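As stored in work_31.tsv (TSV, C-alpha atoms and all ligand atoms):
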```tsv
chain	number	residue	atom	x	y	z
A	1098	MET	CA	-56.68	-15.87	39.80
A	1099	THR	CA	-60.08	-17.25	38.80
A	1100	ILE	CA	-63.46	-15.62	39.31
A	1101	GLU	CA	-64.30	-18.39	41.81
A	1102	GLN	CA	-61.22	-17.53	43.86
A	1103	LEU	CA	-62.14	-13.86	43.75
A	1104	LYS	CA	-65.66	-14.69	44.94
A	1105	SER	CA	-64.30	-16.70	47.90
A	1106	LYS	CA	-62.03	-13.82	48.83
A	1107	PHE	CA	-64.97	-11.41	48.63
A	1108	ILE	CA	-67.04	-13.65	50.92
A	1109	GLU	CA	-64.12	-13.99	53.32
A	1110	LYS	CA	-63.88	-10.19	53.58
A	1111	PHE	CA	-67.49	-9.09	53.33
A	1112	GLY	CA	-69.62	-12.15	54.14
A	1113	GLU	CA	-72.15	-14.26	52.23
A	1114	GLY	CA	-74.72	-12.73	49.84
A	1115	GLU	CA	-75.25	-11.71	46.26
A	1116	ILE	CA	-72.15	-10.62	44.31
A	1117	SER	CA	-71.79	-8.89	40.92
A	1118	GLY	CA	-68.60	-8.78	38.87
A	1119	TYR	CA	-67.21	-6.27	36.35
A	1120	PHE	CA	-64.09	-5.92	34.23
A	1121	SER	CA	-62.35	-3.04	32.42
A	1122	PRO	CA	-59.25	-3.51	30.29
A	1123	GLY	CA	-55.86	-1.85	30.06
A	1124	ARG	CA	-54.84	-0.64	26.61
A	1125	VAL	CA	-51.98	-0.66	24.18
A	1126	ASN	CA	-51.65	2.25	21.80
A	1127	LEU	CA	-50.55	1.21	18.29
A	1128	ILE	CA	-49.71	4.76	17.18
A	1129	GLY	CA	-50.66	8.35	18.03
A	1130	GLU	CA	-48.64	9.15	21.16
A	1131	HIS	CA	-48.93	12.38	23.13
A	1132	THR	CA	-51.48	13.62	20.64
A	1133	ASP	CA	-54.66	13.15	22.70
A	1134	TYR	CA	-54.30	16.23	24.92
A	1135	ASN	CA	-53.54	18.20	21.76
A	1136	GLY	CA	-56.86	17.33	20.13
A	1137	GLY	CA	-55.18	14.91	17.72
A	1138	PHE	CA	-55.72	11.30	16.63
A	1139	VAL	CA	-54.87	8.16	18.57
A	1140	PHE	CA	-55.16	4.49	17.63
A	1141	PRO	CA	-55.28	2.32	20.76
A	1142	CYS	CA	-56.87	-1.05	21.45
A	1143	ALA	CA	-58.19	-2.56	24.65
A	1144	LEU	CA	-56.30	-5.55	26.02
A	1145	SER	CA	-57.62	-8.81	27.39
A	1146	PHE	CA	-56.10	-8.00	30.77
A	1147	GLY	CA	-57.22	-5.25	33.11
A	1148	ILE	CA	-59.04	-4.65	36.38
A	1149	TYR	CA	-61.81	-6.75	37.93
A	1150	CYS	CA	-64.23	-5.50	40.56
A	1151	LEU	CA	-66.58	-7.63	42.64
A	1152	VAL	CA	-69.28	-5.62	44.35
A	1153	ARG	CA	-72.33	-5.83	46.57
A	1154	LYS	CA	-74.65	-2.98	47.50
A	1155	THR	CA	-75.30	-2.63	51.24
A	1156	ASN	CA	-77.61	-0.71	53.57
A	1157	ARG	CA	-74.62	0.80	55.32
A	1158	LYS	CA	-73.76	4.48	54.76
A	1159	THR	CA	-70.21	3.65	53.75
A	1160	VAL	CA	-68.24	2.10	50.90
A	1161	ARG	CA	-65.66	-0.50	51.86
A	1162	PHE	CA	-62.70	-0.87	49.48
A	1163	ALA	CA	-60.34	-3.84	49.34
A	1164	SER	CA	-57.84	-5.12	46.80
A	1165	MET	CA	-56.15	-8.43	46.05
A	1166	ASP	CA	-53.01	-6.53	45.05
A	1167	MET	CA	-52.56	-3.93	47.79
A	1168	PRO	CA	-52.76	-4.43	51.54
A	1169	PHE	CA	-54.41	-1.07	52.21
A	1170	GLU	CA	-58.19	-1.21	52.84
A	1171	ALA	CA	-60.60	1.59	53.63
A	1172	GLU	CA	-64.15	2.24	54.76
A	1173	VAL	CA	-65.32	5.65	53.60
A	1174	LYS	CA	-68.55	7.45	54.57
A	1175	LEU	CA	-70.83	8.23	51.61
A	1176	GLU	CA	-70.44	11.97	52.14
A	1177	ASP	CA	-66.63	11.63	52.10
A	1178	LEU	CA	-66.42	9.91	48.72
A	1179	ASN	CA	-64.98	13.07	47.23
A	1180	LYS	CA	-62.01	13.39	49.59
A	1181	PRO	CA	-58.63	11.74	48.97
A	1182	VAL	CA	-57.31	9.25	51.51
A	1183	GLY	CA	-53.57	9.93	51.87
A	1184	LYS	CA	-51.67	8.71	48.83
A	1185	GLU	CA	-53.42	5.37	48.67
A	1186	TRP	CA	-54.68	3.39	45.66
A	1187	VAL	CA	-58.28	3.96	46.84
A	1188	ASN	CA	-57.97	7.52	45.54
A	1189	TYR	CA	-58.56	6.20	42.03
A	1190	PRO	CA	-62.00	4.73	42.81
A	1191	ILE	CA	-62.76	7.57	45.23
A	1192	GLY	CA	-61.87	10.06	42.49
A	1193	VAL	CA	-64.52	8.41	40.34
A	1194	PHE	CA	-67.19	8.44	43.08
A	1195	ALA	CA	-66.40	12.16	43.39
A	1196	GLN	CA	-67.35	12.71	39.74
A	1197	PHE	CA	-70.79	11.19	40.31
A	1198	MET	CA	-71.25	13.41	43.37
A	1199	LYS	CA	-70.28	16.45	41.29
A	1200	LYS	CA	-73.17	15.65	38.99
A	1201	GLY	CA	-75.44	15.89	42.04
A	1202	LEU	CA	-76.09	12.15	42.06
A	1203	THR	CA	-76.58	10.38	45.41
A	1204	PHE	CA	-75.91	6.77	46.27
A	1205	GLY	CA	-78.60	6.14	48.90
A	1206	GLY	CA	-76.85	3.09	50.30
A	1207	GLY	CA	-73.31	1.84	50.46
A	1208	ALA	CA	-71.28	-0.87	48.77
A	1209	ASP	CA	-68.50	-3.37	49.33
A	1210	MET	CA	-65.92	-3.52	46.56
A	1211	LEU	CA	-63.03	-5.90	45.95
A	1212	PHE	CA	-60.59	-5.09	43.14
A	1213	TYR	CA	-58.11	-7.32	41.39
A	1214	GLY	CA	-55.80	-6.49	38.47
A	1215	ASP	CA	-53.97	-8.71	36.01
A	1216	VAL	CA	-52.63	-5.72	34.05
A	1217	PRO	CA	-49.08	-4.85	35.18
A	1218	THR	CA	-49.07	-1.55	37.09
A	1219	GLY	CA	-46.69	1.26	36.20
A	1220	ALA	CA	-46.01	-0.34	32.80
A	1221	GLY	CA	-47.74	2.24	30.63
A	1222	LEU	CA	-50.64	-0.11	29.87
A	1223	SER	CA	-53.18	2.07	31.68
A	1224	SER	CA	-53.82	0.15	34.84
A	1225	SER	CA	-55.04	3.40	36.38
A	1226	ALA	CA	-57.50	4.13	33.57
A	1227	ALA	CA	-58.74	0.54	33.81
A	1228	LEU	CA	-59.32	1.03	37.54
A	1229	GLU	CA	-61.13	4.33	36.96
A	1230	VAL	CA	-63.32	3.04	34.17
A	1231	CYS	CA	-64.08	-0.18	36.02
A	1232	THR	CA	-65.21	1.84	39.04
A	1233	ALA	CA	-67.31	4.13	36.84
A	1234	VAL	CA	-69.00	1.17	35.13
A	1235	VAL	CA	-69.70	-0.46	38.52
A	1236	ILE	CA	-71.19	2.67	40.11
A	1237	ASN	CA	-73.24	3.51	37.02
A	1238	ASP	CA	-74.71	0.04	36.78
A	1239	GLN	CA	-75.18	-0.72	40.47
A	1240	PHE	CA	-76.86	2.59	41.25
A	1241	GLY	CA	-78.75	2.68	37.94
A	1242	PHE	CA	-77.55	6.12	36.79
A	1243	GLY	CA	-77.78	5.34	33.07
A	1244	ILE	CA	-74.75	7.42	32.03
A	1245	ASP	CA	-73.30	6.54	28.61
A	1246	LYS	CA	-69.87	4.99	28.32
A	1247	ILE	CA	-68.15	7.96	26.69
A	1248	GLU	CA	-69.23	10.15	29.58
A	1249	LEU	CA	-67.96	7.48	32.00
A	1250	ALA	CA	-64.59	7.64	30.22
A	1251	LYS	CA	-64.55	11.42	30.66
A	1252	MET	CA	-65.37	11.03	34.35
A	1253	GLY	CA	-62.43	8.61	34.68
A	1254	GLN	CA	-60.16	11.17	33.03
A	1255	LYS	CA	-61.35	13.88	35.48
A	1256	ALA	CA	-60.63	11.55	38.38
A	1257	GLU	CA	-57.07	11.18	37.06
A	1258	HIS	CA	-56.71	14.98	36.77
A	1259	GLU	CA	-58.11	15.74	40.21
A	1260	PHE	CA	-56.98	12.80	42.33
A	1261	ALA	CA	-53.76	11.62	40.63
A	1262	LEU	CA	-52.84	15.16	39.47
A	1263	VAL	CA	-51.88	13.95	35.96
A	1264	ASN	CA	-53.29	16.21	33.22
A	1265	CYS	CA	-53.81	13.24	30.91
A	1266	GLY	CA	-55.76	13.15	27.67
A	1267	ILE	CA	-58.79	10.97	27.04
A	1268	MET	CA	-57.14	8.07	25.17
A	1269	ASP	CA	-56.68	5.57	28.00
A	1270	GLN	CA	-60.10	5.89	29.60
A	1271	PHE	CA	-61.76	5.95	26.17
A	1272	ALA	CA	-60.00	2.75	25.10
A	1273	SER	CA	-60.83	1.05	28.39
A	1274	ALA	CA	-64.51	1.99	28.11
A	1275	MET	CA	-65.10	1.66	24.37
A	1276	GLY	CA	-62.70	-1.07	23.18
A	1277	LYS	CA	-63.92	-3.94	21.05
A	1278	LYS	CA	-62.44	-7.40	20.59
A	1279	ASP	CA	-60.06	-7.55	17.60
A	1280	HIS	CA	-60.52	-3.84	16.81
A	1281	ALA	CA	-58.45	-0.72	17.35
A	1282	ILE	CA	-60.12	2.63	18.00
A	1283	PHE	CA	-59.32	5.45	15.60
A	1284	LEU	CA	-60.28	8.36	17.84
A	1285	ASN	CA	-60.40	12.06	17.17
A	1286	CYS	CA	-59.59	13.41	20.63
A	1287	ASP	CA	-61.02	16.82	19.79
A	1288	THR	CA	-64.53	15.74	18.82
A	1289	LEU	CA	-64.46	12.21	20.28
A	1290	ALA	CA	-65.73	10.92	16.93
A	1291	TYR	CA	-64.34	7.41	16.56
A	1292	GLU	CA	-64.19	4.44	14.27
A	1293	LEU	CA	-63.60	0.82	15.27
A	1294	VAL	CA	-61.08	-0.54	12.78
A	1295	PRO	CA	-60.69	-4.34	12.50
A	1296	VAL	CA	-57.15	-5.43	13.29
A	1297	LYS	CA	-56.70	-8.48	11.09
A	1298	LEU	CA	-53.03	-9.28	11.20
A	1299	GLU	CA	-52.63	-12.47	9.16
A	1300	GLY	CA	-49.45	-14.17	10.32
A	1301	ILE	CA	-48.45	-11.31	12.62
A	1302	LYS	CA	-48.64	-10.89	16.39
A	1303	ILE	CA	-48.74	-7.77	18.52
A	1304	VAL	CA	-45.99	-8.24	21.10
A	1305	ILE	CA	-45.78	-6.01	24.16
A	1306	SER	CA	-42.35	-5.81	25.79
A	1307	ASN	CA	-42.27	-4.55	29.34
A	1308	THR	CA	-38.94	-2.84	30.10
A	1309	ASN	CA	-39.70	-3.26	33.81
A	1310	SER	CA	-38.39	0.22	34.23
A	1311	PRO	CA	-41.44	1.84	35.79
A	1312	HIS	CA	-42.87	4.75	33.84
A	1313	LYS	CA	-43.14	7.75	36.08
A	1314	LEU	CA	-46.16	9.62	34.85
A	1315	ASP	CA	-46.65	11.35	38.17
A	1316	SER	CA	-43.04	12.56	38.14
A	1317	GLY	CA	-44.19	15.80	36.54
A	1318	LYS	CA	-42.53	15.13	33.18
A	1319	TYR	CA	-45.92	14.39	31.63
A	1320	ASN	CA	-47.46	17.63	32.86
A	1321	GLU	CA	-44.31	19.41	31.65
A	1322	ARG	CA	-44.96	18.11	28.10
A	1323	VAL	CA	-48.59	19.24	28.31
A	1324	ALA	CA	-47.36	22.73	29.27
A	1325	GLU	CA	-44.78	22.78	26.45
A	1326	CYS	CA	-47.52	22.01	23.93
A	1327	GLN	CA	-49.54	24.92	25.27
A	1328	ALA	CA	-46.47	27.13	24.88
A	1329	ALA	CA	-46.17	25.98	21.26
A	1330	VAL	CA	-49.79	26.95	20.57
A	1331	LYS	CA	-49.10	30.42	21.98
A	1332	ALA	CA	-45.98	30.78	19.82
A	1333	ILE	CA	-47.89	29.83	16.68
A	1334	GLN	CA	-50.96	32.00	17.37
A	1335	PRO	CA	-49.58	35.28	15.94
A	1336	PHE	CA	-49.17	33.51	12.59
A	1337	LYS	CA	-52.09	31.10	12.57
A	1338	GLN	CA	-55.20	31.13	14.74
A	1339	ILE	CA	-55.21	27.80	16.56
A	1340	SER	CA	-56.24	26.78	20.04
A	1341	ALA	CA	-54.58	23.35	20.00
A	1342	LEU	CA	-51.76	21.74	18.03
A	1343	GLY	CA	-54.29	19.34	16.54
A	1344	GLU	CA	-55.70	22.24	14.51
A	1345	ILE	CA	-52.66	22.82	12.34
A	1346	SER	CA	-51.82	20.56	9.40
A	1347	TRP	CA	-48.30	19.26	8.86
A	1348	GLU	CA	-47.97	21.42	5.72
A	1349	ASP	CA	-49.00	24.60	7.57
A	1350	PHE	CA	-46.76	23.71	10.48
A	1351	LEU	CA	-43.75	23.61	8.18
A	1352	LYS	CA	-44.52	27.21	7.20
A	1353	VAL	CA	-44.53	28.48	10.82
A	1354	GLU	CA	-42.09	26.09	12.44
A	1355	ASP	CA	-39.20	28.57	12.31
A	1356	LYS	CA	-41.26	31.19	14.09
A	1357	ILE	CA	-41.24	29.14	17.30
A	1358	GLU	CA	-38.16	30.56	18.94
A	1359	ASN	CA	-37.71	28.14	21.80
A	1360	LYS	CA	-36.05	25.04	20.32
A	1361	THR	CA	-37.48	22.61	22.87
A	1362	VAL	CA	-41.00	23.92	22.32
A	1363	ARG	CA	-40.48	23.76	18.54
A	1364	ASN	CA	-39.37	20.13	18.76
A	1365	ARG	CA	-42.32	19.19	20.96
A	1366	ALA	CA	-44.71	20.73	18.45
A	1367	ARG	CA	-42.99	18.99	15.54
A	1368	HIS	CA	-43.51	15.63	17.22
A	1369	VAL	CA	-47.17	16.26	17.94
A	1370	VAL	CA	-48.11	17.58	14.49
A	1371	SER	CA	-46.13	14.92	12.63
A	1372	GLU	CA	-47.51	12.17	14.89
A	1373	ILE	CA	-51.07	13.21	14.15
A	1374	LYS	CA	-50.34	12.88	10.42
A	1375	ARG	CA	-48.56	9.56	10.96
A	1376	THR	CA	-51.59	8.24	12.83
A	1377	GLU	CA	-53.98	9.17	10.02
A	1378	ASP	CA	-51.61	7.64	7.47
A	1379	ALA	CA	-51.12	4.50	9.54
A	1380	VAL	CA	-54.86	3.85	9.76
A	1381	LYS	CA	-55.13	4.22	5.97
A	1382	GLU	CA	-52.27	1.75	5.49
A	1383	LEU	CA	-53.77	-0.75	7.90
A	1384	LYS	CA	-57.13	-0.57	6.14
A	1385	ALA	CA	-55.38	-1.15	2.82
A	1386	GLY	CA	-53.52	-4.14	4.28
A	1387	ASN	CA	-50.10	-2.44	3.92
A	1388	LEU	CA	-48.62	-3.69	7.15
A	1389	VAL	CA	-45.04	-2.97	6.15
A	1390	LYS	CA	-45.91	0.71	5.75
A	1391	PHE	CA	-47.86	0.63	9.01
A	1392	GLY	CA	-44.74	-0.78	10.71
A	1393	GLN	CA	-42.53	1.90	9.19
A	1394	LEU	CA	-44.82	4.57	10.62
A	1395	MET	CA	-44.58	2.90	14.05
A	1396	ASN	CA	-40.79	3.10	13.77
A	1397	ASP	CA	-40.96	6.76	12.76
A	1398	SER	CA	-43.27	7.43	15.70
A	1399	HIS	CA	-40.70	6.03	18.13
A	1400	ASP	CA	-37.89	8.04	16.61
A	1401	SER	CA	-39.91	11.23	16.89
A	1402	LEU	CA	-40.80	10.46	20.53
A	1403	ARG	CA	-37.11	9.84	21.19
A	1404	ASP	CA	-35.61	12.82	19.38
A	1405	ASP	CA	-38.25	15.55	19.41
A	1406	TYR	CA	-40.48	14.70	22.33
A	1407	GLU	CA	-37.77	13.14	24.54
A	1408	VAL	CA	-40.00	10.74	26.43
A	1409	THR	CA	-38.21	7.45	25.70
A	1410	GLY	CA	-34.99	6.96	27.66
A	1411	PHE	CA	-32.30	4.28	27.69
A	1412	GLU	CA	-34.51	1.27	28.47
A	1413	LEU	CA	-37.22	1.95	25.87
A	1414	ASP	CA	-34.63	2.86	23.23
A	1415	THR	CA	-32.62	-0.28	23.93
A	1416	MET	CA	-35.74	-2.47	23.68
A	1417	VAL	CA	-36.63	-0.86	20.34
A	1418	GLU	CA	-33.08	-1.07	18.95
A	1419	GLU	CA	-32.77	-4.73	19.86
A	1420	GLY	CA	-36.20	-5.44	18.38
A	1421	ARG	CA	-35.27	-3.82	15.07
A	1422	LYS	CA	-32.35	-6.22	14.72
A	1423	ILE	CA	-34.68	-9.22	14.46
A	1424	ASP	CA	-35.82	-10.37	11.03
A	1425	GLY	CA	-39.59	-10.47	10.94
A	1426	VAL	CA	-40.13	-7.37	13.08
A	1427	ILE	CA	-42.37	-5.10	11.05
A	1428	GLY	CA	-42.40	-2.15	13.40
A	1429	THR	CA	-41.60	-1.38	17.03
A	1430	ARG	CA	-42.11	1.66	19.23
A	1431	MET	CA	-42.72	2.79	22.79
A	1432	THR	CA	-46.36	2.87	23.81
A	1433	GLY	CA	-48.17	5.03	26.38
A	1434	GLY	CA	-46.75	7.97	28.28
A	1435	GLY	CA	-43.12	6.87	28.05
A	1436	PHE	CA	-40.20	7.37	30.49
A	1437	GLY	CA	-40.17	3.59	30.96
A	1438	GLY	CA	-43.05	1.17	30.57
A	1439	CYS	CA	-43.62	-0.90	27.43
A	1440	THR	CA	-42.93	-1.10	23.73
A	1441	VAL	CA	-45.37	-2.49	21.17
A	1442	SER	CA	-44.09	-4.44	18.16
A	1443	LEU	CA	-45.61	-6.15	15.15
A	1444	VAL	CA	-43.78	-9.44	14.77
A	1445	LYS	CA	-44.24	-12.17	12.17
A	1446	ASP	CA	-45.51	-15.41	13.75
A	1447	GLU	CA	-42.37	-17.34	12.93
A	1448	ALA	CA	-40.13	-14.67	14.52
A	1449	VAL	CA	-41.97	-14.33	17.85
A	1450	ASP	CA	-39.94	-16.93	19.77
A	1451	LYS	CA	-36.67	-15.54	18.50
A	1452	PHE	CA	-37.82	-11.99	19.30
A	1453	ILE	CA	-38.64	-12.90	22.88
A	1454	SER	CA	-35.45	-14.86	23.53
A	1455	GLN	CA	-33.00	-12.62	21.70
A	1456	VAL	CA	-34.39	-9.22	22.58
A	1457	GLY	CA	-34.88	-10.48	26.14
A	1458	LYS	CA	-31.26	-11.59	26.42
A	1459	ASN	CA	-29.70	-8.52	24.81
A	1460	TYR	CA	-31.94	-6.09	26.68
A	1461	GLN	CA	-31.07	-7.69	30.00
A	1462	GLU	CA	-27.36	-7.63	29.22
A	1463	LYS	CA	-27.48	-3.93	28.37
A	1464	THR	CA	-29.80	-2.66	31.10
A	1465	GLY	CA	-29.50	-5.18	33.91
A	1466	LEU	CA	-33.31	-5.40	33.96
A	1467	LYS	CA	-35.33	-8.53	33.22
A	1468	PRO	CA	-38.04	-7.74	30.67
A	1469	VAL	CA	-41.41	-9.46	30.34
A	1470	PHE	CA	-43.15	-10.15	27.03
A	1471	TYR	CA	-46.86	-10.56	26.32
A	1472	VAL	CA	-48.46	-11.56	23.05
A	1473	ALA	CA	-51.40	-9.15	23.11
A	1474	GLU	CA	-55.00	-10.15	22.61
A	1475	ILE	CA	-57.35	-7.30	21.77
A	1476	GLY	CA	-60.36	-7.48	24.06
A	1477	ASP	CA	-63.63	-5.68	24.83
A	1478	GLY	CA	-64.16	-2.47	26.78
A	1479	GLY	CA	-65.53	-2.24	30.33
A	1480	LYS	CA	-68.53	-4.47	31.06
A	1481	LYS	CA	-70.51	-6.45	33.59
A	1482	LEU	CA	-69.41	-10.08	33.80
A	1483	PHE	CA	-72.12	-11.47	36.11
B	1501	LIG	C1	-50.64	8.55	29.00
B	1501	LIG	C2	-51.88	9.42	29.13
B	1501	LIG	C3	-52.66	9.47	27.82
B	1501	LIG	C4	-51.74	9.82	26.65
B	1501	LIG	C5	-50.48	8.96	26.66
B	1501	LIG	C6	-49.49	9.40	25.62
B	1501	LIG	O1	-51.00	7.21	28.80
B	1501	LIG	O2	-52.72	8.94	30.17
B	1501	LIG	O3	-53.72	10.37	27.93
B	1501	LIG	O4	-51.43	11.18	26.65
B	1501	LIG	O5	-49.84	8.99	27.92
B	1501	LIG	O6	-49.99	9.21	24.35
```

Turn this file's structure into structure tokens for me.
Amino acid sequence: MTIEQLKSKFIEKFGEGEISGYFSPGRVNLIGEHTDYNGGFVFPCALSFGIYCLVRKTNRKTVRFASMDMPFEAEVKLEDLNKPVGKEWVNYPIGVFAQFMKKGLTFGGGADMLFYGDVPTGAGLSSSAALEVCTAVVINDQFGFGIDKIELAKMGQKAEHEFALVNCGIMDQFASAMGKKDHAIFLNCDTLAYELVPVKLEGIKIVISNTNSPHKLDSGKYNERVAECQAAVKAIQPFKQISALGEISWEDFLKVEDKIENKTVRNRARHVVSEIKRTEDAVKELKAGNLVKFGQLMNDSHDSLRDDYEVTGFELDTMVEEGRKIDGVIGTRMTGGGFGGCTVSLVKDEAVDKFISQVGKNYQEKTGLKPVFYVAEIGDGGKKLF
């Protein structure tokens, strides 16, 4: 789909006139999984694919929503832009409008909006965060509110909490808003202090493998993990004053680990605290050019998500196991929320074709699902295109 085609579609739906266009990316997380809502570190990068929005302000007192990907369309009165519409996709943009209304901001006039996504949905690459951040960037710019991008990311996260009922952390919206071409974001999810780290992978590609087994974030498993982490904090509190798992070092955790009586809760905490350390270590290794060590940490991350956090499952584990059999694979792990979705792998240039054909074949034989592979390009965060 080209921008010209999108413009024609917009005109077909909403008529001739001025049109503006915006884009916000999906993300792939290199390491630091299920750490964000624990105040830990993450290391995601924005992708070159994501969500586009074409928009025109109108004098009507409504916002009209349409999508190239979903048949459902809606026209919503300005005063109703904080109320969900059934279980439809428009709840993501509406959830974002609601955040502006909560700040006491008013829109004056209406708008026509046409969305289009080239990021696969339900694949753990943050299509929903891309949609939220794209909407936030559009509203902020079109209505001239002047809100900074980090705040827009937080508003996207709130929309996810309130309208999709997923108690997600800040990673996805932050990456979609703040990403930079050829950089990963080393983000402290407690303070939101961040560093853009150049990802210079000489002779190595980032390959994303989509299991095509939809990740089911809204299935409640995600919120269950969030609750288990809170239970771990409670169990540790009598021995060490913390308010989030991100506040305890790996060394101190080892001293109190045995005090957490519930085994599941103990395992969840072990994943989170070790993953936070792995993420810090991985960033150091990347900066020092030690990609082999970086890859090893990615592998360890997957194993911890599989054994202690239990968010992988047969498809993700099969994809990772098959990937590890290929010479030239430096590291491979699940990425995103888990329970299906994608893996991310560092693969030497000369091994990429073999990786795609062999892992593809073996994965399909074992799971009956046809995977899709993308060689990732790291792109910029949400912005106006024209
Ligand atoms: C989902 C959430 C993020 C993060 C990841 C796991 O993508 O939206 O906030 O928790 O899962 O790292």

Each side padded by 3 Å, which centre and which edge lengths in Å (one decimal) define the axis-aligned box around the listed atoms of stretch 1406-1413 of chain A? Give them as lines of an AutoDock Vina configuration file.
```
center_x = -36.4
center_y = 8.0
center_z = 25.4
size_x = 14.2
size_y = 19.4
size_z = 12.1
```

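Candidate residues A:Pro1295, A:Phe1483, A:Asp1446, A:Gly1221 were compared for distance to A:Lys1104, and the nearest is A:Phe1483, using all atoms listed in the file.
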
Cut-off 8 Å: closest chain A/ligand LIG 1501 (chain B) atom pairs per residue, using all atoms listed in the file, as a Markdown table:
```
| residue | atom | partner | partner_atom | distance |
| --- | --- | --- | --- | --- |
| A:Asn1126 | CA | B:LIG1501 | O6 | 7.6 |
| A:Gly1129 | CA | B:LIG1501 | O6 | 6.4 |
| A:Glu1130 | CA | B:LIG1501 | O6 | 3.5 |
| A:His1131 | CA | B:LIG1501 | O6 | 3.6 |
| A:Thr1132 | CA | B:LIG1501 | O6 | 6.0 |
| A:Asp1133 | CA | B:LIG1501 | O4 | 5.5 |
| A:Tyr1134 | CA | B:LIG1501 | O4 | 6.1 |
| A:Val1139 | CA | B:LIG1501 | O6 | 7.6 |
| A:Gly1221 | CA | B:LIG1501 | O1 | 6.2 |
| A:Leu1222 | CA | B:LIG1501 | O1 | 7.4 |
| A:Ser1223 | CA | B:LIG1501 | O1 | 6.3 |
| A:Ala1226 | CA | B:LIG1501 | O2 | 7.6 |
| A:Val1263 | CA | B:LIG1501 | O2 | 7.7 |
| A:Asn1264 | CA | B:LIG1501 | O3 | 7.9 |
| A:Cys1265 | CA | B:LIG1501 | O3 | 4.1 |
| A:Gly1266 | CA | B:LIG1501 | O3 | 3.5 |
| A:Ile1267 | CA | B:LIG1501 | O3 | 5.2 |
| A:Met1268 | CA | B:LIG1501 | O3 | 5.0 |
| A:Asp1269 | CA | B:LIG1501 | C3 | 5.6 |
| A:Gln1270 | CA | B:LIG1501 | O3 | 8.0 |
| A:Leu1314 | CA | B:LIG1501 | C1 | 7.4 |
| A:Tyr1319 | CA | B:LIG1501 | O5 | 7.6 |
| A:Thr1432 | CA | B:LIG1501 | O6 | 7.3 |
| A:Gly1433 | CA | B:LIG1501 | O1 | 4.3 |
| A:Gly1434 | CA | B:LIG1501 | O5 | 3.3 |
| A:Gly1435 | CA | B:LIG1501 | O5 | 7.0 |
```

* atom CA of A:Leu1144 and atom CA of A:Arg1124 are how many Å apart? ->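 Atom CA of A:Leu1144 sits 5.2 Å away from atom CA of A:Arg1124.
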
* To do: Excluding A:Phe1120 and residues on its chain fewer than 2 positions from it, collect all residues at most 8 Å away from it, counting only C-alpha atoms, and give them as an MDAnalysis selection string.
  => chainID A and resid 1118 1122 1147:1150 1231 1479:1482

Write out as a PDB file with C-alpha atoms, in the coordinates of the input the residues lying within 9 Å of A:Lys1384, counting all atoms listed in the file and excluding same-chain residues fewer than 3 positions away.
```pdb
ATOM      1  CA  VAL A1294     -61.080  -0.540  12.780  1.00  0.00           C
ATOM      2  CA  PRO A1295     -60.690  -4.340  12.500  1.00  0.00           C
ATOM      3  CA  VAL A1296     -57.150  -5.430  13.290  1.00  0.00           C
ATOM      4  CA  ALA A1379     -51.120   4.500   9.540  1.00  0.00           C
ATOM      5  CA  VAL A1380     -54.860   3.850   9.760  1.00  0.00           C
ATOM      6  CA  LYS A1381     -55.130   4.220   5.970  1.00  0.00           C
ATOM      7  CA  ASN A1387     -50.100  -2.440   3.920  1.00  0.00           C
TER       8      ASN A1387
END
```

* Separation of atom CA of A:Pro1468 from atom CA of A:Ser1454 in Å ->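 One can read the atom CA of A:Ser1454 to atom CA of A:Pro1468 distance as 10.4 Å.
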
* Please provide the set of residues having any atom within 12 Å of A:Asp1414, restricted to all atoms listed in the file, with same-chain residues fewer than 4 positions apart removed, written as an MDAnalysis selection string. => chainID A and resid 1306 1308 1310 1396 1399:1404 1407:1410 1418:1421 1429:1432 1435:1440 1460 1463:1464

* Computed interatomic separation between atom CA of A:Ala1171 and atom CA of A:Gly1243 (Å) -> 27.1 Å

* If we count only C-alpha atoms, what is near stretch 1358-1374 of chain A at a cut-off of 10 Å, once residues fewer than 4 positions away on the same chain are taken out, given as a PyMOL selection string? -> chain A and resi 1128-1139+1285+1322-1330+1332-1333+1342-1351+1353-1354+1378-1379+1394-1395+1397-1407

* To do: Return the single residue from A:Ala1233, A:Ile1108, A:Ala1290, A:Ala1341 that is closest to A:Ser1121, with distances computed using all atoms listed in the file.
  =>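 For A:Ser1121, the nearest of the given residues is A:Ala1233.
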
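The closest residue to A:Ser1117, picked from A:Asn1156, A:Gln1239, A:Gln1102, A:Gln1393 and counting all atoms listed in the file, is A:Gln1239.
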
* Asked: Of the candidates A:Glu1447, A:Ile1427, A:Thr1415, A:Asp1209, which one gets nearest to A:Glu1462 if we count all atoms listed in the file?
  -> A:Thr1415
